[in-house]
$ cat run05.pdb   # PDB, C-alpha atoms (C1' of nucleotides)
ATOM      1  CA  MET A   1      39.997 -45.563 -47.707  1.00  0.00           C
ATOM      2  CA  ARG A   2      41.558 -43.997 -50.743  1.00  0.00           C
ATOM      3  CA  SER A   3      40.401 -40.520 -49.860  1.00  0.00           C
ATOM      4  CA  LEU A   4      42.075 -40.839 -46.472  1.00  0.00           C
ATOM      5  CA  PHE A   5      45.213 -42.072 -48.175  1.00  0.00           C
ATOM      6  CA  VAL A   6      45.257 -39.181 -50.594  1.00  0.00           C
ATOM      7  CA  SER A   7      44.607 -36.701 -47.837  1.00  0.00           C
ATOM      8  CA  LEU A   8      47.397 -38.007 -45.635  1.00  0.00           C
ATOM      9  CA  SER A   9      49.689 -38.340 -48.586  1.00  0.00           C
ATOM     10  CA  ARG A  10      49.205 -34.736 -49.646  1.00  0.00           C
ATOM     11  CA  THR A  11      49.923 -33.581 -46.127  1.00  0.00           C
ATOM     12  CA  TYR A  12      53.012 -35.582 -45.339  1.00  0.00           C
ATOM     13  CA  GLY A  13      54.466 -36.619 -48.667  1.00  0.00           C
ATOM     14  CA  PHE A  14      56.310 -39.867 -48.996  1.00  0.00           C
ATOM     15  CA  MET A  15      57.273 -41.593 -45.747  1.00  0.00           C
ATOM     16  CA  TYR A  16      60.474 -43.544 -45.847  1.00  0.00           C
ATOM     17  CA  TRP A  17      59.021 -45.577 -43.048  1.00  0.00           C
ATOM     18  CA  TRP A  18      61.104 -48.706 -42.834  1.00  0.00           C
ATOM     19  CA  PRO A  19      63.301 -48.225 -45.841  1.00  0.00           C
ATOM     20  CA  ALA A  20      66.243 -50.175 -47.258  1.00  0.00           C
ATOM     21  CA  SER A  21      67.080 -52.141 -44.160  1.00  0.00           C
ATOM     22  CA  SER A  22      67.702 -55.878 -44.363  1.00  0.00           C
ATOM     23  CA  PRO A  23      64.911 -58.331 -43.512  1.00  0.00           C
ATOM     24  CA  SER A  24      66.644 -59.338 -40.305  1.00  0.00           C
ATOM     25  CA  GLU A  25      66.832 -55.729 -39.224  1.00  0.00           C
ATOM     26  CA  VAL A  26      63.116 -55.410 -39.685  1.00  0.00           C
ATOM     27  CA  ILE A  27      62.516 -58.557 -37.667  1.00  0.00           C
ATOM     28  CA  VAL A  28      64.676 -57.373 -34.793  1.00  0.00           C
ATOM     29  CA  GLY A  29      63.192 -53.895 -34.860  1.00  0.00           C
ATOM     30  CA  ALA A  30      59.634 -55.195 -34.954  1.00  0.00           C
ATOM     31  CA  ILE A  31      60.148 -57.324 -31.881  1.00  0.00           C
ATOM     32  CA  LEU A  32      61.963 -54.647 -29.947  1.00  0.00           C
ATOM     33  CA  ALA A  33      59.227 -52.182 -30.803  1.00  0.00           C
ATOM     34  CA  GLN A  34      56.492 -54.146 -29.069  1.00  0.00           C
ATOM     35  CA  ASN A  35      54.764 -51.716 -26.746  1.00  0.00           C
ATOM     36  CA  THR A  36      57.876 -49.578 -26.752  1.00  0.00           C
ATOM     37  CA  SER A  37      58.722 -46.164 -28.162  1.00  0.00           C
ATOM     38  CA  TRP A  38      60.831 -46.185 -31.292  1.00  0.00           C
ATOM     39  CA  LYS A  39      63.341 -43.945 -29.583  1.00  0.00           C
ATOM     40  CA  ASN A  40      64.173 -46.670 -27.098  1.00  0.00           C
ATOM     41  CA  VAL A  41      64.272 -49.229 -29.865  1.00  0.00           C
ATOM     42  CA  GLU A  42      66.887 -47.178 -31.670  1.00  0.00           C
ATOM     43  CA  LYS A  43      69.135 -47.179 -28.645  1.00  0.00           C
ATOM     44  CA  ALA A  44      69.022 -50.951 -28.577  1.00  0.00           C
ATOM     45  CA  LEU A  45      69.493 -51.250 -32.343  1.00  0.00           C
ATOM     46  CA  LYS A  46      72.608 -49.146 -32.039  1.00  0.00           C
ATOM     47  CA  LEU A  47      74.064 -51.567 -29.527  1.00  0.00           C
ATOM     48  CA  LEU A  48      73.245 -54.483 -31.802  1.00  0.00           C
ATOM     49  CA  ARG A  49      74.756 -52.959 -34.907  1.00  0.00           C
ATOM     50  CA  GLY A  50      77.455 -55.003 -36.564  1.00  0.00           C
ATOM     51  CA  ILE A  51      76.675 -58.236 -34.751  1.00  0.00           C
ATOM     52  CA  GLU A  52      76.109 -61.219 -37.022  1.00  0.00           C
ATOM     53  CA  LEU A  53      72.844 -63.073 -36.579  1.00  0.00           C
ATOM     54  CA  ASN A  54      74.607 -66.301 -35.752  1.00  0.00           C
ATOM     55  CA  ASP A  55      76.502 -64.576 -32.975  1.00  0.00           C
ATOM     56  CA  LEU A  56      73.516 -62.669 -31.728  1.00  0.00           C
ATOM     57  CA  ILE A  57      71.508 -65.731 -30.788  1.00  0.00           C
ATOM     58  CA  VAL A  58      74.295 -67.255 -28.724  1.00  0.00           C
ATOM     59  CA  ARG A  59      75.469 -64.160 -26.904  1.00  0.00           C
ATOM     60  CA  GLU A  60      75.026 -64.280 -23.165  1.00  0.00           C
ATOM     61  CA  ASP A  61      74.724 -60.505 -22.960  1.00  0.00           C
ATOM     62  CA  LEU A  62      71.868 -60.181 -25.400  1.00  0.00           C
ATOM     63  CA  GLU A  63      69.597 -59.043 -22.583  1.00  0.00           C
ATOM     64  CA  ASP A  64      71.976 -56.248 -21.698  1.00  0.00           C
ATOM     65  CA  LEU A  65      72.266 -55.099 -25.287  1.00  0.00           C
ATOM     66  CA  ILE A  66      68.524 -54.728 -25.729  1.00  0.00           C
ATOM     67  CA  ARG A  67      67.841 -53.416 -22.251  1.00  0.00           C
ATOM     68  CA  PRO A  68      67.014 -49.886 -23.439  1.00  0.00           C
ATOM     69  CA  ALA A  69      64.052 -51.265 -25.379  1.00  0.00           C
ATOM     70  CA  GLY A  70      62.471 -52.668 -22.246  1.00  0.00           C
ATOM     71  CA  PHE A  71      60.928 -56.090 -21.532  1.00  0.00           C
ATOM     72  CA  TYR A  72      64.408 -57.383 -22.153  1.00  0.00           C
ATOM     73  CA  ARG A  73      63.880 -60.826 -20.676  1.00  0.00           C
ATOM     74  CA  GLN A  74      61.019 -61.836 -22.886  1.00  0.00           C
ATOM     75  CA  LYS A  75      62.276 -59.922 -25.885  1.00  0.00           C
ATOM     76  CA  SER A  76      65.655 -61.637 -25.785  1.00  0.00           C
ATOM     77  CA  ARG A  77      63.805 -64.931 -25.920  1.00  0.00           C
ATOM     78  CA  TYR A  78      61.531 -63.721 -28.704  1.00  0.00           C
ATOM     79  CA  LEU A  79      64.521 -62.508 -30.688  1.00  0.00           C
ATOM     80  CA  ARG A  80      66.255 -65.847 -30.433  1.00  0.00           C
ATOM     81  CA  ASN A  81      63.089 -67.631 -31.502  1.00  0.00           C
ATOM     82  CA  ALA A  82      62.571 -65.435 -34.520  1.00  0.00           C
ATOM     83  CA  ILE A  83      66.176 -65.250 -35.640  1.00  0.00           C
ATOM     84  CA  LYS A  84      66.680 -68.983 -35.379  1.00  0.00           C
ATOM     85  CA  TYR A  85      63.597 -69.470 -37.406  1.00  0.00           C
ATOM     86  CA  TYR A  86      64.745 -66.928 -39.947  1.00  0.00           C
ATOM     87  CA  ILE A  87      68.143 -68.548 -40.331  1.00  0.00           C
ATOM     88  CA  ASP A  88      66.781 -72.076 -40.640  1.00  0.00           C
ATOM     89  CA  LYS A  89      63.689 -71.659 -42.709  1.00  0.00           C
ATOM     90  CA  ILE A  90      63.588 -68.384 -44.468  1.00  0.00           C
ATOM     91  CA  GLU A  91      67.133 -67.396 -45.272  1.00  0.00           C
ATOM     92  CA  ASN A  92      68.023 -70.720 -46.827  1.00  0.00           C
ATOM     93  CA  LEU A  93      64.883 -72.050 -48.372  1.00  0.00           C
ATOM     94  CA  SER A  94      63.441 -69.530 -50.695  1.00  0.00           C
ATOM     95  CA  LEU A  95      60.571 -67.407 -49.536  1.00  0.00           C
ATOM     96  CA  PRO A  96      57.777 -69.360 -47.936  1.00  0.00           C
ATOM     97  CA  PHE A  97      54.140 -69.065 -48.799  1.00  0.00           C
ATOM     98  CA  SER A  98      52.946 -66.736 -46.112  1.00  0.00           C
ATOM     99  CA  VAL A  99      55.463 -65.088 -43.836  1.00  0.00           C
ATOM    100  CA  ARG A 100      52.555 -63.915 -41.722  1.00  0.00           C
ATOM    101  CA  GLU A 101      51.363 -67.454 -41.057  1.00  0.00           C
ATOM    102  CA  GLU A 102      54.876 -68.734 -40.512  1.00  0.00           C
ATOM    103  CA  MET A 103      55.738 -66.039 -38.032  1.00  0.00           C
ATOM    104  CA  LEU A 104      52.505 -66.400 -36.107  1.00  0.00           C
ATOM    105  CA  SER A 105      53.602 -69.830 -34.958  1.00  0.00           C
ATOM    106  CA  ILE A 106      56.632 -68.365 -33.194  1.00  0.00           C
ATOM    107  CA  GLU A 107      56.404 -67.537 -29.522  1.00  0.00           C
ATOM    108  CA  GLY A 108      56.632 -63.771 -29.181  1.00  0.00           C
ATOM    109  CA  ILE A 109      55.299 -62.927 -32.621  1.00  0.00           C
ATOM    110  CA  GLY A 110      51.674 -61.864 -32.616  1.00  0.00           C
ATOM    111  CA  ARG A 111      49.528 -60.472 -35.397  1.00  0.00           C
ATOM    112  CA  GLU A 112      50.974 -56.997 -35.470  1.00  0.00           C
ATOM    113  CA  THR A 113      54.575 -58.087 -35.415  1.00  0.00           C
ATOM    114  CA  ALA A 114      53.936 -60.802 -37.983  1.00  0.00           C
ATOM    115  CA  ASP A 115      52.195 -58.388 -40.315  1.00  0.00           C
ATOM    116  CA  SER A 116      54.923 -55.768 -39.933  1.00  0.00           C
ATOM    117  CA  ILE A 117      57.592 -58.303 -40.783  1.00  0.00           C
ATOM    118  CA  ALA A 118      55.679 -59.818 -43.681  1.00  0.00           C
ATOM    119  CA  LEU A 119      55.025 -56.397 -45.183  1.00  0.00           C
ATOM    120  CA  TYR A 120      58.209 -54.459 -44.540  1.00  0.00           C
ATOM    121  CA  ALA A 121      60.805 -57.230 -44.613  1.00  0.00           C
ATOM    122  CA  PHE A 122      59.302 -59.476 -47.279  1.00  0.00           C
ATOM    123  CA  HIS A 123      56.947 -57.196 -49.181  1.00  0.00           C
ATOM    124  CA  GLN A 124      54.021 -59.520 -48.800  1.00  0.00           C
ATOM    125  CA  ARG A 125      50.527 -58.135 -49.077  1.00  0.00           C
ATOM    126  CA  THR A 126      49.344 -57.581 -45.539  1.00  0.00           C
ATOM    127  CA  VAL A 127      49.373 -54.727 -43.048  1.00  0.00           C
ATOM    128  CA  PRO A 128      49.650 -54.322 -39.282  1.00  0.00           C
ATOM    129  CA  VAL A 129      46.553 -52.874 -37.654  1.00  0.00           C
ATOM    130  CA  ASP A 130      47.825 -51.006 -34.638  1.00  0.00           C
ATOM    131  CA  SER A 131      46.101 -48.692 -32.203  1.00  0.00           C
ATOM    132  CA  TYR A 132      47.029 -45.680 -34.315  1.00  0.00           C
ATOM    133  CA  THR A 133      45.342 -47.204 -37.315  1.00  0.00           C
ATOM    134  CA  LEU A 134      42.176 -47.836 -35.342  1.00  0.00           C
ATOM    135  CA  ARG A 135      42.168 -44.347 -33.933  1.00  0.00           C
ATOM    136  CA  VAL A 136      42.677 -42.572 -37.232  1.00  0.00           C
ATOM    137  CA  LEU A 137      40.180 -44.748 -39.074  1.00  0.00           C
ATOM    138  CA  ASN A 138      37.595 -44.294 -36.352  1.00  0.00           C
ATOM    139  CA  ARG A 139      37.947 -40.541 -36.506  1.00  0.00           C
ATOM    140  CA  PHE A 140      37.855 -40.397 -40.246  1.00  0.00           C
ATOM    141  CA  PHE A 141      34.869 -42.674 -40.642  1.00  0.00           C
ATOM    142  CA  SER A 142      33.191 -41.842 -37.329  1.00  0.00           C
ATOM    143  CA  SER A 143      33.301 -45.553 -36.666  1.00  0.00           C
ATOM    144  CA  ASN A 144      34.044 -47.445 -33.496  1.00  0.00           C
ATOM    145  CA  PHE A 145      36.320 -50.310 -34.402  1.00  0.00           C
ATOM    146  CA  SER A 146      38.395 -51.991 -31.729  1.00  0.00           C
ATOM    147  CA  ILE A 147      41.272 -54.415 -31.672  1.00  0.00           C
ATOM    148  CA  LYS A 148      38.725 -57.211 -31.960  1.00  0.00           C
ATOM    149  CA  ASP A 149      38.127 -56.062 -35.516  1.00  0.00           C
ATOM    150  CA  TYR A 150      41.753 -56.634 -36.430  1.00  0.00           C
ATOM    151  CA  GLU A 151      41.086 -59.110 -39.202  1.00  0.00           C
ATOM    152  CA  HIS A 152      38.215 -57.129 -40.588  1.00  0.00           C
ATOM    153  CA  ILE A 153      40.250 -53.945 -40.895  1.00  0.00           C
ATOM    154  CA  ARG A 154      43.194 -55.817 -42.295  1.00  0.00           C
ATOM    155  CA  HIS A 155      41.079 -57.264 -45.064  1.00  0.00           C
ATOM    156  CA  LEU A 156      39.543 -53.909 -45.858  1.00  0.00           C
ATOM    157  CA  LEU A 157      42.983 -52.392 -46.235  1.00  0.00           C
ATOM    158  CA  ILE A 158      44.357 -55.267 -48.267  1.00  0.00           C
ATOM    159  CA  GLN A 159      41.475 -54.950 -50.673  1.00  0.00           C
ATOM    160  CA  ALA A 160      41.842 -51.213 -50.958  1.00  0.00           C
ATOM    161  CA  PHE A 161      45.579 -51.003 -51.496  1.00  0.00           C
ATOM    162  CA  SER A 162      48.509 -52.585 -53.255  1.00  0.00           C
ATOM    163  CA  THR A 163      51.481 -53.873 -51.262  1.00  0.00           C
ATOM    164  CA  ASP A 164      53.465 -50.697 -51.864  1.00  0.00           C
ATOM    165  CA  GLU A 165      50.495 -48.598 -50.900  1.00  0.00           C
ATOM    166  CA  LEU A 166      50.014 -50.587 -47.704  1.00  0.00           C
ATOM    167  CA  MET A 167      53.599 -49.868 -46.715  1.00  0.00           C
ATOM    168  CA  GLU A 168      53.024 -46.216 -47.351  1.00  0.00           C
ATOM    169  CA  PHE A 169      49.596 -46.094 -45.770  1.00  0.00           C
ATOM    170  CA  HIS A 170      50.766 -47.550 -42.476  1.00  0.00           C
ATOM    171  CA  GLY A 171      53.644 -45.094 -42.381  1.00  0.00           C
ATOM    172  CA  LEU A 172      51.307 -42.198 -43.031  1.00  0.00           C
ATOM    173  CA  ILE A 173      48.914 -43.316 -40.313  1.00  0.00           C
ATOM    174  CA  ASP A 174      51.738 -43.532 -37.845  1.00  0.00           C
ATOM    175  CA  GLU A 175      53.127 -40.171 -38.812  1.00  0.00           C
ATOM    176  CA  HIS A 176      49.746 -38.525 -38.594  1.00  0.00           C
ATOM    177  CA  ALA A 177      48.931 -40.059 -35.227  1.00  0.00           C
ATOM    178  CA  LYS A 178      52.230 -38.976 -33.755  1.00  0.00           C
ATOM    179  CA  ARG A 179      52.467 -35.555 -35.285  1.00  0.00           C
ATOM    180  CA  VAL A 180      48.905 -34.429 -34.934  1.00  0.00           C
ATOM    181  CA  CYS A 181      46.485 -36.671 -33.135  1.00  0.00           C
ATOM    182  CA  LEU A 182      48.647 -37.179 -30.075  1.00  0.00           C
ATOM    183  CA  LYS A 183      50.002 -33.633 -29.818  1.00  0.00           C
ATOM    184  CA  ASN A 184      47.109 -31.487 -30.781  1.00  0.00           C
ATOM    185  CA  PRO A 185      44.413 -31.510 -28.082  1.00  0.00           C
ATOM    186  CA  LEU A 186      41.788 -30.518 -30.591  1.00  0.00           C
ATOM    187  CA  CYS A 187      42.580 -33.626 -32.499  1.00  0.00           C
ATOM    188  CA  ASN A 188      41.352 -35.778 -29.677  1.00  0.00           C
ATOM    189  CA  VAL A 189      38.111 -35.401 -31.501  1.00  0.00           C
ATOM    190  CA  CYS A 190      39.778 -35.122 -34.854  1.00  0.00           C
ATOM    191  CA  LYS A 191      36.678 -33.818 -36.596  1.00  0.00           C
ATOM    192  CA  ILE A 192      36.950 -30.410 -34.965  1.00  0.00           C
ATOM    193  CA  SER A 193      40.595 -29.937 -35.752  1.00  0.00           C
ATOM    194  CA  GLU A 194      41.326 -27.734 -38.727  1.00  0.00           C
ATOM    195  CA  LYS A 195      44.738 -29.219 -39.191  1.00  0.00           C
ATOM    196  CA  CYS A 196      43.724 -32.804 -39.148  1.00  0.00           C
ATOM    197  CA  PRO A 197      43.786 -34.426 -42.589  1.00  0.00           C
ATOM    198  CA  GLY A 198      41.508 -37.059 -41.175  1.00  0.00           C
ATOM    199  CA  ARG A 199      38.837 -34.416 -40.882  1.00  0.00           C
ATOM    200  CA  ARG A 200      35.904 -34.809 -43.188  1.00  0.00           C
TER     201      ARG A 200
ATOM    202  C1'  DC B 201      54.037 -38.109  -9.433  1.00  0.00           C
ATOM    203  C1'  DA B 202      51.183 -40.729 -13.251  1.00  0.00           C
ATOM    204  C1'  DC B 203      50.904 -42.273 -17.733  1.00  0.00           C
ATOM    205  C1'  DC B 204      52.319 -44.037 -22.158  1.00  0.00           C
ATOM    206  C1'  DA B 205      55.011 -46.274 -26.048  1.00  0.00           C
ATOM    207  C1'  DG B 206      54.509 -49.144 -33.317  1.00  0.00           C
ATOM    208  C1'  DG B 207      52.354 -56.143 -28.033  1.00  0.00           C
ATOM    209  C1'  DC B 208      52.386 -60.581 -26.447  1.00  0.00           C
ATOM    210  C1'  DC B 209      51.589 -64.400 -23.335  1.00  0.00           C
ATOM    211  C1'  DC B 210      49.379 -66.605 -19.539  1.00  0.00           C
ATOM    212  C1'  DT B 211      45.726 -67.165 -16.301  1.00  0.00           C
ATOM    213  C1'  DA B 212      41.206 -67.153 -14.203  1.00  0.00           C
ATOM    214  C1'  DT B 213      36.492 -66.720 -15.063  1.00  0.00           C
TER     215       DT B 213
ATOM    216  C1'  DA C 214      35.831 -66.815 -25.544  1.00  0.00           C
ATOM    217  C1'  DT C 215      37.675 -62.960 -23.195  1.00  0.00           C
ATOM    218  C1'  DA C 216      38.997 -59.474 -19.635  1.00  0.00           C
ATOM    219  C1'  DG C 217      43.047 -58.574 -16.646  1.00  0.00           C
ATOM    220  C1'  DG C 218      47.754 -58.639 -15.183  1.00  0.00           C
ATOM    221  C1'  DG C 219      52.838 -58.929 -15.874  1.00  0.00           C
ATOM    222  C1'  DC C 220      56.640 -57.548 -18.389  1.00  0.00           C
ATOM    223  C1'  DA C 221      60.797 -52.857 -18.153  1.00  0.00           C
ATOM    224  C1'  DT C 222      62.904 -48.864 -19.961  1.00  0.00           C
ATOM    225  C1'  DG C 223      62.883 -43.906 -20.984  1.00  0.00           C
ATOM    226  C1'  DG C 224      60.208 -39.659 -22.145  1.00  0.00           C
ATOM    227  C1'  DT C 225      56.694 -36.156 -20.973  1.00  0.00           C
TER     228       DT C 225
END
$ encode --input "run05.pdb" --output "structure tokens"
Amino acid sequence: MRSLFVSLSRTYGFMYWWPASSPSEVIVGAILAQNTSWKNVEKALKLLRGIELNDLIVREDLEDLIRPAGFYRQKSRYLRNAIKYYIDKIENLSLPFSVREEMLSIEGIGRETADSIALYAFHQRTVPVDSYTLRVLNRFFSSNFSIKDYEHIRHLLIQAFSTDELMEFHGLIDEHAKRVCLKNPLCNVCKISEKCPGRR
DNA sequence: CACCAGGCCCTAT
DNA sequence: ATAGGGCATGGT
């Protein structure tokens, strides 16, 4: 794991992947980003900018505001669920035990979203295991993990890295997958690509 | 035109 | 337990 980290790190430098935004911004972004390109998420985030959380959950036009991010009917519901929860439980009471576990009980928050929020909004030691992560790891280790191995991979990563490193690692994986693995045809089999840092 | 994007939930088997 | 379908917009 660490050799992959070092390799990616040398190639891309430091990724300001979900920097200095407030916890609520991370929550909203994570939900909007479900199966949706970040570009579309940004359009929606722009429309939401400046709206207080308390207002956001009661607005009738929430669906319209997040429309660019797609799945706006379910996501508007998910957002209300999560934000209400955040306001009631997390904002007031001090930080709960495990944000991951807390969030998993909310309708619309699955493992990936919960882990993203726990890590990037609350700096808790976990990491989302998305399809990019699986793809890069599989190429690097010539393995064949699937989404069924979510927990396994997550534990491997948690054991290998500190919280700060996990934040960085996930950002690097994402950057690498987008910039190289998806664009460069050779990188479809990573191991034969000269440019691919995941190459052994 | 087809396919995908930083998933999740529900249903039928 | 788990595969399959629905959800929706915008980019390539």
$ resolve_selection --input "run05.pdb" --expression "the PyMOL selection byres ((chain B and resi 204) around 12)" --output "short mmCIF file (atom, residue, chain, number, x, y, z; two decimals) with C-alpha atoms (C1' of nucleotides), in the frame of the given file"
data_model
loop_
_atom_site.label_atom_id
_atom_site.label_comp_id
_atom_site.auth_asym_id
_atom_site.auth_seq_id
_atom_site.Cartn_x
_atom_site.Cartn_y
_atom_site.Cartn_z
CA ASN A 35 54.76 -51.72 -26.75
CA THR A 36 57.88 -49.58 -26.75
CA SER A 37 58.72 -46.16 -28.16
CA LEU A 182 48.65 -37.18 -30.08
"C1'" DA B 202 51.18 -40.73 -13.25
"C1'" DC B 203 50.90 -42.27 -17.73
"C1'" DA B 205 55.01 -46.27 -26.05
"C1'" DT C 222 62.90 -48.86 -19.96
"C1'" DG C 223 62.88 -43.91 -20.98
"C1'" DG C 224 60.21 -39.66 -22.14
"C1'" DT C 225 56.69 -36.16 -20.97
#
$ closest_residue --input "run05.pdb" --among "A:Phe145, A:Tyr85, A:Phe161, A:Tyr132" --to "Arg179 of chain A" --atoms "only C-alpha atoms"
A:Tyr132
$ interface_residues --input "run05.pdb" --of "chain A" --to "chain B" --cutoff "12 Å" --atoms "all atoms listed in the file" --output "ChimeraX atom specification"
/A:17-18,29-41,69-71,74-75,78,104,106-116,128-133,147,170-171,173-175,177-178,182
$ atom_distance --input "run05.pdb" --atom1 "atom CA of Ile57 of chain A" --atom2 "atom CA of Arg80 of chain A"
5.3 Å
$ axis_aligned_box --input "run05.pdb" --around "chain C" --padding-each-side "8 Å" --output "lines of an AutoDock Vina configuration file"
center_x = 49.4
center_y = -51.5
center_z = -20.4
size_x = 43.1
size_y = 46.7
size_z = 26.4
$ closest_residue --input "run05.pdb" --among "A:His152, A:Tyr120, A:Pro68, A:Ser162" --to "chain C" --atoms "all atoms listed in the file"
A:Pro68
$ atom_distance --input "run05.pdb" --atom1 "atom CA of Ser21 of chain A" --atom2 "atom CA of Ala121 of chain A"
8.1 Å
$ atom_distance --input "run05.pdb" --atom1 "atom CA of Tyr12 of chain A" --atom2 "atom CA of Arg135 of chain A"
18.0 Å
$ resolve_selection --input "run05.pdb" --expression "the PyMOL selection byres ((chain C and resi 214) around 12)" --output "PyMOL selection string"
(chain A and resi 148) or (chain B and resi 213) or (chain C and resi 215-216)
$ residues_around --input "run05.pdb" --residues "Arg2 of chain A" --least-positions-apart "5" --cutoff "12 Å" --atoms "all atoms listed in the file" --output "JSON, numbers by chain"
{"A": [7, 8, 9, 137, 140, 156, 157, 158, 159, 160, 161, 162, 165, 166, 169, 198]}
$ closest_residue --input "run05.pdb" --among "A:Leu56, A:Glu63, A:Arg49, A:Tyr72" --to "chain C" --atoms "only C-alpha atoms (C1' of nucleotides)"
A:Tyr72
$ decode --input "run05.pdb" --residues "chain B" --atoms "N, CA and C atoms (P, O5', C5', C4', C3', O3' and C1' of nucleotides)" --output "compact mmCIF listing (two decimals), in the first residue's frame"
# COMPACT_ATOMS: atom_id res chain seq x y z
P DC B 201 -31.81 8.73 -30.60
O5' DC B 201 -30.31 8.36 -31.03
C5' DC B 201 -30.09 7.20 -31.81
C4' DC B 201 -28.73 6.63 -31.52
C3' DC B 201 -28.55 6.16 -30.09
O3' DC B 201 -28.82 4.77 -30.00
C1' DC B 201 -26.66 7.46 -30.84
P DA B 202 -29.16 4.09 -28.56
O5' DA B 202 -27.68 3.92 -27.97
C5' DA B 202 -26.73 3.10 -28.64
C4' DA B 202 -25.42 3.14 -27.87
C3' DA B 202 -25.58 2.65 -26.43
O3' DA B 202 -24.51 1.80 -26.10
C1' DA B 202 -24.75 4.89 -26.44
P DC B 203 -24.60 0.92 -24.71
O5' DC B 203 -23.64 1.76 -23.75
C5' DC B 203 -22.33 2.13 -24.18
C4' DC B 203 -21.79 3.19 -23.24
C3' DC B 203 -22.06 2.88 -21.77
O3' DC B 203 -20.84 2.68 -21.11
C1' DC B 203 -22.47 5.16 -22.29
P DC B 204 -20.83 2.03 -19.62
O5' DC B 204 -20.40 3.30 -18.78
C5' DC B 204 -19.26 4.06 -19.19
C4' DC B 204 -19.29 5.40 -18.50
C3' DC B 204 -19.49 5.30 -16.98
O3' DC B 204 -18.40 5.92 -16.34
C1' DC B 204 -20.90 6.97 -17.94
P DA B 205 -18.04 5.54 -14.80
O5' DA B 205 -18.19 6.98 -14.13
C5' DA B 205 -17.67 8.08 -14.82
C4' DA B 205 -18.17 9.36 -14.20
C3' DA B 205 -18.24 9.39 -12.67
O3' DA B 205 -17.91 10.70 -12.26
C1' DA B 205 -20.39 9.78 -13.55
P DG B 206 -16.66 10.92 -11.33
O5' DG B 206 -16.94 10.24 -9.90
C5' DG B 206 -17.18 8.84 -9.70
C4' DG B 206 -17.35 8.52 -8.24
C3' DG B 206 -18.67 8.93 -7.64
O3' DG B 206 -19.12 7.92 -6.73
C1' DG B 206 -16.92 10.08 -6.54
P DG B 207 -19.98 6.90 -7.51
O5' DG B 207 -21.28 6.78 -6.57
C5' DG B 207 -21.24 5.88 -5.46
C4' DG B 207 -22.37 6.26 -4.56
C3' DG B 207 -22.67 5.24 -3.50
O3' DG B 207 -23.17 5.93 -2.37
C1' DG B 207 -24.45 5.32 -5.06
P DC B 208 -23.50 5.01 -1.08
O5' DC B 208 -25.08 4.80 -1.22
C5' DC B 208 -25.94 5.92 -1.23
C4' DC B 208 -27.37 5.48 -1.46
C3' DC B 208 -27.78 4.30 -0.59
O3' DC B 208 -28.84 4.69 0.25
C1' DC B 208 -28.40 3.99 -2.87
P DC B 209 -29.49 3.67 1.29
O5' DC B 209 -30.81 3.25 0.51
C5' DC B 209 -31.64 4.24 -0.07
C4' DC B 209 -32.79 3.57 -0.80
C3' DC B 209 -33.41 2.40 -0.04
O3' DC B 209 -34.82 2.55 -0.04
C1' DC B 209 -32.79 1.71 -2.21
P DC B 210 -35.79 1.61 0.80
O5' DC B 210 -36.45 0.71 -0.33
C5' DC B 210 -36.89 1.32 -1.54
C4' DC B 210 -37.30 0.25 -2.53
C3' DC B 210 -38.02 -0.95 -1.91
O3' DC B 210 -39.20 -1.20 -2.65
C1' DC B 210 -36.21 -1.67 -3.25
P DT B 211 -40.22 -2.35 -2.17
O5' DT B 211 -39.96 -3.51 -3.24
C5' DT B 211 -40.00 -3.22 -4.64
C4' DT B 211 -39.48 -4.43 -5.41
C3' DT B 211 -40.10 -5.75 -4.98
O3' DT B 211 -40.79 -6.32 -6.09
C1' DT B 211 -37.73 -5.93 -5.18
P DA B 212 -41.69 -7.62 -5.91
O5' DA B 212 -40.82 -8.73 -6.68
C5' DA B 212 -40.23 -8.44 -7.95
C4' DA B 212 -39.24 -9.56 -8.31
C3' DA B 212 -39.79 -10.96 -8.06
O3' DA B 212 -39.34 -11.82 -9.12
C1' DA B 212 -37.83 -10.64 -6.79
P DT B 213 -39.92 -13.32 -9.29
O5' DT B 213 -38.70 -14.23 -8.84
C5' DT B 213 -37.52 -14.24 -9.63
C4' DT B 213 -36.35 -14.80 -8.83
C3' DT B 213 -36.57 -16.22 -8.35
O3' DT B 213 -35.77 -17.12 -9.13
C1' DT B 213 -35.50 -14.85 -6.71
